[in-house]
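Enquirer: What follows is work_21.cif, mmCIF, C-alpha atoms and all ligand atoms.
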```cif
data_work
loop_
_atom_site.label_atom_id
_atom_site.label_comp_id
_atom_site.auth_asym_id
_atom_site.auth_seq_id
_atom_site.Cartn_x
_atom_site.Cartn_y
_atom_site.Cartn_z
CA MET I 1 8.28 126.37 78.24
CA ILE I 2 10.33 127.14 81.32
CA GLU I 3 13.20 129.52 81.83
CA VAL I 4 16.30 127.97 83.30
CA SER I 5 17.87 130.09 86.00
CA PRO I 6 21.60 130.75 86.17
CA SER I 7 22.00 128.47 89.18
CA GLU I 8 20.33 125.64 87.31
CA PHE I 9 22.22 126.23 84.14
CA CYS I 10 25.74 126.95 85.18
CA VAL I 11 28.66 127.39 82.88
CA HIS I 12 31.85 125.51 83.14
CA LEU I 13 35.23 126.00 81.61
CA VAL I 14 37.95 123.43 81.46
CA SER I 15 41.26 124.65 80.18
CA GLY I 16 39.70 127.83 78.93
CA ARG I 17 37.02 126.07 76.93
CA LEU I 18 33.34 126.67 77.48
CA GLN I 19 31.60 123.43 78.20
CA ASN I 20 27.95 122.54 78.50
CA PRO I 21 27.21 122.30 82.24
CA ARG I 22 25.17 119.17 81.66
CA THR I 23 28.30 117.42 80.48
CA ALA I 24 30.57 119.05 83.01
CA GLY I 25 28.89 117.51 86.04
CA CYS I 26 28.12 120.92 87.54
CA SER I 27 26.22 121.11 90.76
CA ASP I 28 25.15 124.12 92.74
CA SER I 29 27.45 123.22 95.60
CA GLU I 30 30.46 122.74 93.36
CA TRP I 31 29.80 125.52 90.97
CA SER I 32 28.73 128.37 93.11
CA GLY I 33 26.91 131.52 92.23
CA ILE I 34 30.15 133.33 92.86
CA GLN I 35 31.78 131.63 89.92
CA LEU I 36 28.75 132.08 87.71
CA ALA I 37 28.72 135.74 88.62
CA ARG I 38 32.11 136.15 87.02
CA PHE I 39 30.31 135.62 83.75
CA ALA I 40 26.93 137.04 84.63
CA LEU I 41 28.24 140.46 85.57
CA PRO I 42 29.03 142.54 82.51
CA GLY I 43 32.79 142.82 82.25
CA ALA I 44 33.15 140.48 85.20
CA ASP I 45 36.55 139.67 86.64
CA MET I 46 38.68 142.33 85.06
CA ASN I 47 41.64 141.32 87.19
CA PRO I 48 44.30 139.96 84.81
CA ASP I 49 46.13 138.35 87.74
CA HIS I 50 43.28 135.93 88.38
CA ILE I 51 43.77 132.43 87.04
CA ASP I 52 40.73 130.92 85.37
CA PHE I 53 39.33 127.95 87.25
CA ILE I 54 42.06 127.82 89.83
CA SER I 55 39.42 127.11 92.48
CA ALA I 56 37.89 124.18 90.61
CA TYR I 57 40.81 121.85 91.34
CA CYS I 58 42.31 123.27 94.54
CA ASP I 59 41.86 121.77 97.99
CA ARG I 60 39.65 124.65 99.19
CA TRP I 61 41.96 125.32 102.11
CA CYS I 62 42.08 129.08 101.61
CA GLU I 63 43.77 129.77 104.95
CA ARG I 64 46.82 127.91 103.67
CA CYS I 65 46.61 128.78 99.99
CA PRO I 66 49.64 130.56 98.49
CA LEU I 67 47.54 131.76 95.54
CA THR I 68 44.70 133.70 97.14
CA HIS I 69 45.77 136.78 95.18
CA ARG I 70 45.24 134.84 91.92
CA CYS I 71 41.83 133.46 92.88
CA SER I 72 38.58 135.19 91.96
CA VAL I 73 36.54 133.05 94.38
CA PHE I 74 38.71 134.14 97.29
CA THR I 75 38.50 137.76 96.15
CA ALA I 76 34.73 137.54 95.88
CA MET I 77 34.31 135.90 99.27
CA ALA I 78 36.52 138.51 100.94
CA ALA I 79 34.64 141.34 99.25
CA MET I 80 31.24 139.91 100.15
CA THR I 81 32.34 139.56 103.76
CA MET I 82 33.28 143.23 103.70
CA CYS I 83 30.11 144.37 101.98
CA GLU I 84 27.56 142.04 103.56
CA ASP I 85 25.79 142.27 100.22
CA GLU I 86 26.42 139.77 97.47
CA ARG I 87 26.05 141.99 94.44
CA ALA I 88 27.94 144.92 95.94
CA GLY I 89 30.67 142.52 96.99
CA LEU I 90 30.94 140.97 93.56
CA GLU I 91 31.14 144.36 91.93
CA LEU I 92 33.80 145.42 94.40
CA ALA I 93 35.72 142.24 93.71
CA PHE I 94 35.54 142.17 89.96
CA GLY I 95 34.54 145.65 89.02
CA ARG I 96 32.43 146.37 86.01
CA ALA I 97 33.53 147.45 82.62
CA PRO I 98 32.17 150.89 81.78
CA ASP I 99 33.20 152.49 78.52
CA ASP I 100 34.76 155.94 78.34
CA SER I 101 31.36 157.49 78.96
CA GLY I 102 30.82 155.41 82.05
CA VAL I 103 28.27 153.15 80.37
CA VAL I 104 28.39 149.50 81.36
CA ALA I 105 28.20 147.22 78.34
CA PRO I 106 25.33 144.70 78.20
CA PRO I 107 26.13 141.01 78.63
CA PRO I 108 27.45 139.32 75.49
CA ASP I 109 24.95 137.45 73.31
CA TRP I 110 26.37 134.06 74.19
CA LEU I 111 25.76 134.72 77.88
CA ARG I 112 22.21 135.98 77.30
CA ASP I 113 21.54 132.87 75.23
CA LEU I 114 22.97 130.68 77.95
CA VAL I 115 21.05 132.20 80.83
CA ASN I 116 17.77 132.53 78.97
CA VAL I 117 17.84 129.17 77.31
CA GLU I 118 14.43 127.63 77.12
CA MET I 119 13.79 124.00 77.89
CA SER I 120 10.48 122.27 77.57
CA ALA I 121 8.91 120.80 80.68
CA ASP I 122 9.32 117.32 79.20
CA ALA I 123 12.98 117.92 78.46
CA ALA I 124 13.52 119.28 81.97
CA ASP I 125 11.83 116.21 83.49
CA GLU I 126 13.91 113.90 81.34
CA PHE I 127 17.08 115.76 82.30
CA ALA I 128 16.19 115.52 86.00
CA ARG I 129 15.44 111.81 85.63
CA ARG I 130 18.81 111.15 84.03
CA GLN I 131 20.52 113.16 86.79
CA ASP I 132 18.79 111.08 89.49
CA GLN I 133 19.74 107.84 87.77
CA ARG I 134 23.32 108.98 87.41
CA ARG I 135 23.48 109.98 91.09
CA GLU I 136 22.26 106.51 92.05
CA ARG I 137 24.81 104.81 89.79
CA VAL I 138 27.63 106.94 91.18
CA GLU I 139 26.64 106.36 94.81
CA ALA I 140 26.50 102.61 94.18
CA THR I 141 30.12 102.40 92.97
CA SER I 142 32.67 100.77 95.24
CA ILE I 143 34.65 104.02 95.29
CA MET I 144 31.72 105.96 96.73
CA GLN I 145 30.83 103.17 99.13
CA MET I 146 34.40 103.19 100.47
CA ALA I 147 34.50 106.98 100.62
CA LYS I 148 31.21 107.08 102.50
CA ALA I 149 32.29 104.46 105.04
CA PHE I 150 35.58 106.29 105.59
CA MET I 151 33.80 109.59 106.09
CA HIS I 152 31.42 108.26 108.75
CA LEU I 153 34.08 106.32 110.65
CA GLY I 154 36.55 109.20 110.43
CA HIS I 155 33.97 111.69 111.62
CA ASP I 156 33.11 109.61 114.68
CA TRP I 157 36.79 109.20 115.60
CA LEU I 158 37.61 112.88 115.20
CA MET I 159 34.60 113.88 117.30
CA ALA I 160 35.58 111.47 120.05
CA ASN I 161 39.25 112.51 120.00
CA GLN I 162 39.12 116.26 119.68
CA HIS I 163 41.87 116.64 122.24
CA ALA I 164 44.27 115.45 119.50
CA GLY I 165 43.54 118.66 117.63
CA ALA I 166 44.59 120.77 120.61
CA THR I 167 47.71 118.90 121.62
CA GLU I 168 51.07 120.63 122.13
CA ASP I 169 52.55 118.18 119.62
CA SER I 170 52.56 120.15 116.38
CA VAL I 171 52.91 117.03 114.20
CA VAL I 172 49.81 115.44 115.71
CA ARG I 173 47.92 118.71 115.62
CA GLU I 174 48.75 119.11 111.93
CA ALA I 175 47.66 115.53 111.22
CA PHE I 176 44.36 116.18 112.98
CA GLU I 177 43.77 119.34 110.94
CA VAL I 178 44.50 117.59 107.64
CA ALA I 179 42.27 114.64 108.54
CA ALA I 180 39.44 116.98 109.52
CA HIS I 181 39.79 119.18 106.44
CA ASP I 182 39.79 116.31 103.96
CA LEU I 183 37.11 114.21 105.62
CA ILE I 184 34.16 115.41 103.52
CA PHE I 185 36.18 116.97 100.72
CA ILE I 186 37.41 113.60 99.44
CA ARG I 187 33.91 112.23 99.03
CA VAL I 188 32.65 115.38 97.32
CA LYS I 189 35.48 115.40 94.78
CA LEU I 190 35.17 111.69 94.07
CA HIS I 191 31.47 112.08 93.44
CA ARG I 192 32.14 114.87 91.00
CA ALA I 193 34.80 112.84 89.19
CA LEU I 194 32.57 109.79 88.85
CA ASP I 195 29.58 111.87 87.85
CA GLY I 196 31.54 113.56 85.06
CA GLN I 197 32.92 110.27 83.84
CA ASP I 198 29.44 108.73 83.85
CA SER I 199 28.05 111.71 81.91
CA ARG I 200 30.67 111.25 79.25
CA ASN I 201 29.38 107.78 78.56
CA GLY I 202 25.70 108.72 78.57
CA ASP I 203 23.25 110.97 76.78
CA ASP I 204 24.65 114.03 78.51
CA GLY I 205 28.17 113.36 77.29
CA SER I 206 30.18 115.50 74.95
CA ALA I 207 32.35 114.08 72.20
CA ASP I 208 34.84 116.94 72.37
CA ASP I 209 36.00 116.55 75.97
CA HIS I 210 39.77 116.49 76.16
CA PRO I 211 41.07 112.98 76.96
CA VAL I 212 43.17 114.24 79.91
CA GLN I 213 42.33 117.88 80.65
CA ASN I 214 38.74 117.22 81.57
CA ASP I 215 36.74 117.91 84.69
CA TRP I 216 36.59 114.34 85.99
CA ASN I 217 40.36 113.91 85.80
CA GLY I 218 40.87 117.25 87.56
CA SER I 219 38.41 116.29 90.29
CA ALA I 220 40.00 112.87 90.65
CA LYS I 221 43.47 114.44 90.91
CA ILE I 222 42.61 116.74 93.79
CA ALA I 223 40.86 113.80 95.49
CA LEU I 224 44.04 111.72 95.05
CA ILE I 225 46.16 114.50 96.54
CA SER I 226 43.87 114.61 99.56
CA LEU I 227 43.81 110.82 99.82
CA GLU I 228 47.59 110.71 99.88
CA ARG I 229 48.07 113.33 102.58
CA SER I 230 45.10 112.10 104.61
CA SER I 231 46.42 108.57 104.66
CA ALA I 232 49.71 109.90 106.09
CA ALA I 233 47.79 112.02 108.59
CA TRP I 234 45.71 109.09 109.84
CA SER I 235 48.91 107.06 110.25
CA VAL I 236 50.31 109.80 112.50
CA LEU I 237 47.07 109.80 114.51
CA ALA I 238 47.28 106.02 114.80
CA SER I 239 50.84 106.15 116.15
CA ALA I 240 50.07 109.00 118.54
CA SER I 241 46.87 107.47 119.91
CA GLY I 242 47.80 103.80 119.78
CA GLN I 243 44.25 103.16 118.58
CA GLU I 244 43.19 100.77 115.87
CA THR I 245 40.58 102.91 114.12
CA PRO I 246 42.94 105.55 112.69
CA ALA I 247 45.29 102.79 111.53
CA VAL I 248 42.39 101.07 109.73
CA LEU I 249 41.36 104.36 108.16
CA ALA I 250 44.89 105.03 106.93
CA GLU I 251 44.87 101.64 105.21
CA GLN I 252 41.38 102.20 103.80
CA LEU I 253 42.57 105.43 102.23
CA LYS I 254 45.48 103.64 100.58
CA ASP I 255 43.05 101.10 99.11
CA LEU I 256 40.73 103.86 98.00
CA ARG I 257 43.60 105.72 96.37
CA ALA I 258 44.59 102.60 94.41
CA GLU I 259 41.03 102.13 93.20
CA VAL I 260 40.72 105.76 92.14
CA GLU I 261 43.99 105.49 90.22
CA ARG I 262 42.63 102.43 88.41
CA GLU I 263 39.38 104.18 87.57
CA PHE I 264 41.09 107.42 86.48
CA PRO I 265 44.46 106.37 85.06
CA ASP I 266 45.10 109.86 83.59
CA ALA I 267 44.18 111.82 86.70
CA TRP I 268 47.76 112.46 87.85
CA SER I 269 48.54 113.91 84.40
CA PHE I 270 45.86 116.57 84.70
CA VAL I 271 47.43 120.04 84.98
CA ARG I 272 45.65 122.06 87.67
CA PRO I 273 45.48 125.77 86.76
CA GLY I 274 47.85 127.73 88.98
CA PHE I 275 49.11 124.79 91.01
CA ASP I 276 50.77 122.52 88.46
CA ALA I 277 53.37 123.33 85.86
CA GLY I 278 51.93 122.77 82.41
S1 LIG I 301 42.52 128.56 94.87
FE1 LIG I 301 43.21 128.97 96.95
S2 LIG I 301 42.12 130.84 97.58
FE2 LIG I 301 41.06 129.97 95.78
S3 LIG I 301 39.38 128.69 96.62
FE3 LIG I 301 41.21 127.40 96.25
S4 LIG I 301 42.30 127.35 98.21
FE4 LIG I 301 40.88 129.09 98.28
#
```
Using structure tokens, write down the structure that the file contains.

Expert:
Amino acid sequence: MIEVSPSEFCVHLVSGRLQNPRTAGCSDSEWSGIQLARFALPGADMNPDHIDFISAYCDRWCERCPLTHRCSVFTAMAAMTMCEDERAGLELAFGRAPDDSGVVAPPPDWLRDLVNVEMSADAADEFARRQDQRRERVEATSIMQMAKAFMHLGHDWLMANQHAGATEDSVVREAFEVAAHDLIFIRVKLHRALDGQDSRNGDDGSADDHPVQNDWNGSAKIALISLERSSAAWSVLASASGQETPAVLAEQLKDLRAEVEREFPDAWSFVRPGFDAG
């Protein structure tokens, strides 16, 4: 028997509902230790102003975010920067929950069960095999192929035209910043959306996922938002530079957006915590 560590066995909530991480498409990069720590620390995140899962479907552009004060991830990152120590930072950010005698309560049973869940070596191998197969299926989709091609071409153009990011023209500078910010983000979010959708249809799926408020629709929605603004940004870069590559990329993003909308017809209806009116 093996013990599954917290980073391997993350927890995921969609719309306030605890969901098995295997069916939620969690990955270490997407679902960071910071978020897990909100649950792992006894009495974690005592701040009632924080919005659950606001950071799961945002654009991760914290410098421009109007809701940093409602975001536990931002709070944790700021505190860890101050403390230069992860645990001290997390405790500063979220506090702990001592009782009147100053005693910190132990983690709830459900969390102990979750973190200490035992999985046989065979089951772990089988789970890893299914994950690898799913990753291959996702990467082979036309959406991921288009996203990958866009990312590489866009990266090369931005690297070769960095002067556009330092121009006096604020419209062009803004377009450059948007294009650069979304370059990798789009691919990451699309992978997550497709991975979650694929899980739903396979052995790792869950029958009780909400038809609209689910992780793959939320991931697809933030990808669509980035696709929309990035396409506009690349059009600005095309006009300003007179070059063909940014114009081609702007068109590619429009095509990609249309394909994502076909694949995730309910994505625009997903309500993102904190950002969308429910
Ligand atoms: S919600 Fe805002 S502050 Fe939090 S991670 Fe997203 S962009 Fe950053």

Enquirer: Please enclose the listed atoms of ligand LIG 301 (chain I) in an axis-aligned box, pad each side by 4 Å, and write out the centre and the three edge lengths in Å, rounded to one decimal, as JSON.

Expert:
```
{"center_x": 41.3, "center_y": 129.1, "center_z": 96.6, "size_x": 11.8, "size_y": 11.5, "size_z": 11.4}
```

Enquirer: Please identify the residues whose atoms come within 10 Å of ligand LIG 301 (chain I), using all atoms listed in the file, and report them as a VMD selection string.

Expert: chain I and resid 50 to 77 273 to 275

Enquirer: Which is closer to I:Lys221 than all the others in I:Gly202, I:Gly242, I:Gly196, I:Pro265, using only C-alpha atoms?

Expert: I:Pro265

Enquirer: Just want the 8 Å neighbourhood of I:Asp198, counted on only C-alpha atoms, with same-chain residues fewer than 3 positions away dropped. Output as a JSON list (two decimals) with C-alpha atoms, keeping the file's coordinate frame.

Expert:
```json
[["chain", "number", "residue", "atom", "x", "y", "z"],
["I", 134, "ARG", "CA", 23.32, 108.98, 87.41],
["I", 138, "VAL", "CA", 27.63, 106.94, 91.18],
["I", 194, "LEU", "CA", 32.57, 109.79, 88.85],
["I", 195, "ASP", "CA", 29.58, 111.87, 87.85],
["I", 201, "ASN", "CA", 29.38, 107.78, 78.56],
["I", 202, "GLY", "CA", 25.70, 108.72, 78.57]]
```

Enquirer: Atom CA of I:Asp215 and atom CA of I:Ala140 are how many Å apart?

Expert: 20.7 Å

Enquirer: Fewer than 3 positions away in the same chain doesn't count, so skip those; otherwise give me all residues within 9 Å of I:Ala247, counting only C-alpha atoms, as a short mmCIF file (atom, residue, chain, number, x, y, z; two decimals) with C-alpha atoms, keeping the file's coordinate frame.

Expert:
```cif
data_model
loop_
_atom_site.label_atom_id
_atom_site.label_comp_id
_atom_site.auth_asym_id
_atom_site.auth_seq_id
_atom_site.Cartn_x
_atom_site.Cartn_y
_atom_site.Cartn_z
CA TRP I 234 45.71 109.09 109.84
CA SER I 235 48.91 107.06 110.25
CA VAL I 236 50.31 109.80 112.50
CA LEU I 237 47.07 109.80 114.51
CA ALA I 238 47.28 106.02 114.80
CA SER I 239 50.84 106.15 116.15
CA GLY I 242 47.80 103.80 119.78
CA GLN I 243 44.25 103.16 118.58
CA GLU I 244 43.19 100.77 115.87
CA ALA I 250 44.89 105.03 106.93
CA GLU I 251 44.87 101.64 105.21
CA GLN I 252 41.38 102.20 103.80
#
```

Enquirer: One decimal, in Å: what's the spacing between atom CA of I:Ala267 and atom CA of I:Leu190?

Expert: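 Between these atoms lies a distance of 11.6 Å.
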
Enquirer: Counting only C-alpha atoms, I want the residues whose atoms come within 10 Å of (32.4, 110.6, 105.7) in the file frame, returned as an mmCIF file with C-alpha atoms, keeping the file's coordinate frame.

Expert:
```cif
data_model
loop_
_atom_site.group_PDB
_atom_site.id
_atom_site.type_symbol
_atom_site.label_atom_id
_atom_site.label_comp_id
_atom_site.auth_asym_id
_atom_site.auth_seq_id
_atom_site.Cartn_x
_atom_site.Cartn_y
_atom_site.Cartn_z
ATOM 1 C CA MET I 146 34.400 103.190 100.470
ATOM 2 C CA ALA I 147 34.500 106.980 100.620
ATOM 3 C CA LYS I 148 31.210 107.080 102.500
ATOM 4 C CA ALA I 149 32.290 104.460 105.040
ATOM 5 C CA PHE I 150 35.580 106.290 105.590
ATOM 6 C CA MET I 151 33.800 109.590 106.090
ATOM 7 C CA HIS I 152 31.420 108.260 108.750
ATOM 8 C CA LEU I 153 34.080 106.320 110.650
ATOM 9 C CA GLY I 154 36.550 109.200 110.430
ATOM 10 C CA HIS I 155 33.970 111.690 111.620
ATOM 11 C CA ASP I 156 33.110 109.610 114.680
ATOM 12 C CA ASP I 182 39.790 116.310 103.960
ATOM 13 C CA LEU I 183 37.110 114.210 105.620
ATOM 14 C CA ILE I 184 34.160 115.410 103.520
ATOM 15 C CA PHE I 185 36.180 116.970 100.720
ATOM 16 C CA ILE I 186 37.410 113.600 99.440
ATOM 17 C CA ARG I 187 33.910 112.230 99.030
ATOM 18 C CA VAL I 188 32.650 115.380 97.320
#
```

Enquirer: Just the number, please: distance in Å from atom CA of I:Ala180 to atom CA of I:Asn217, one decimal.

Expert: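 Between atom CA of I:Ala180 and atom CA of I:Asn217 the gap is 23.9 Å.
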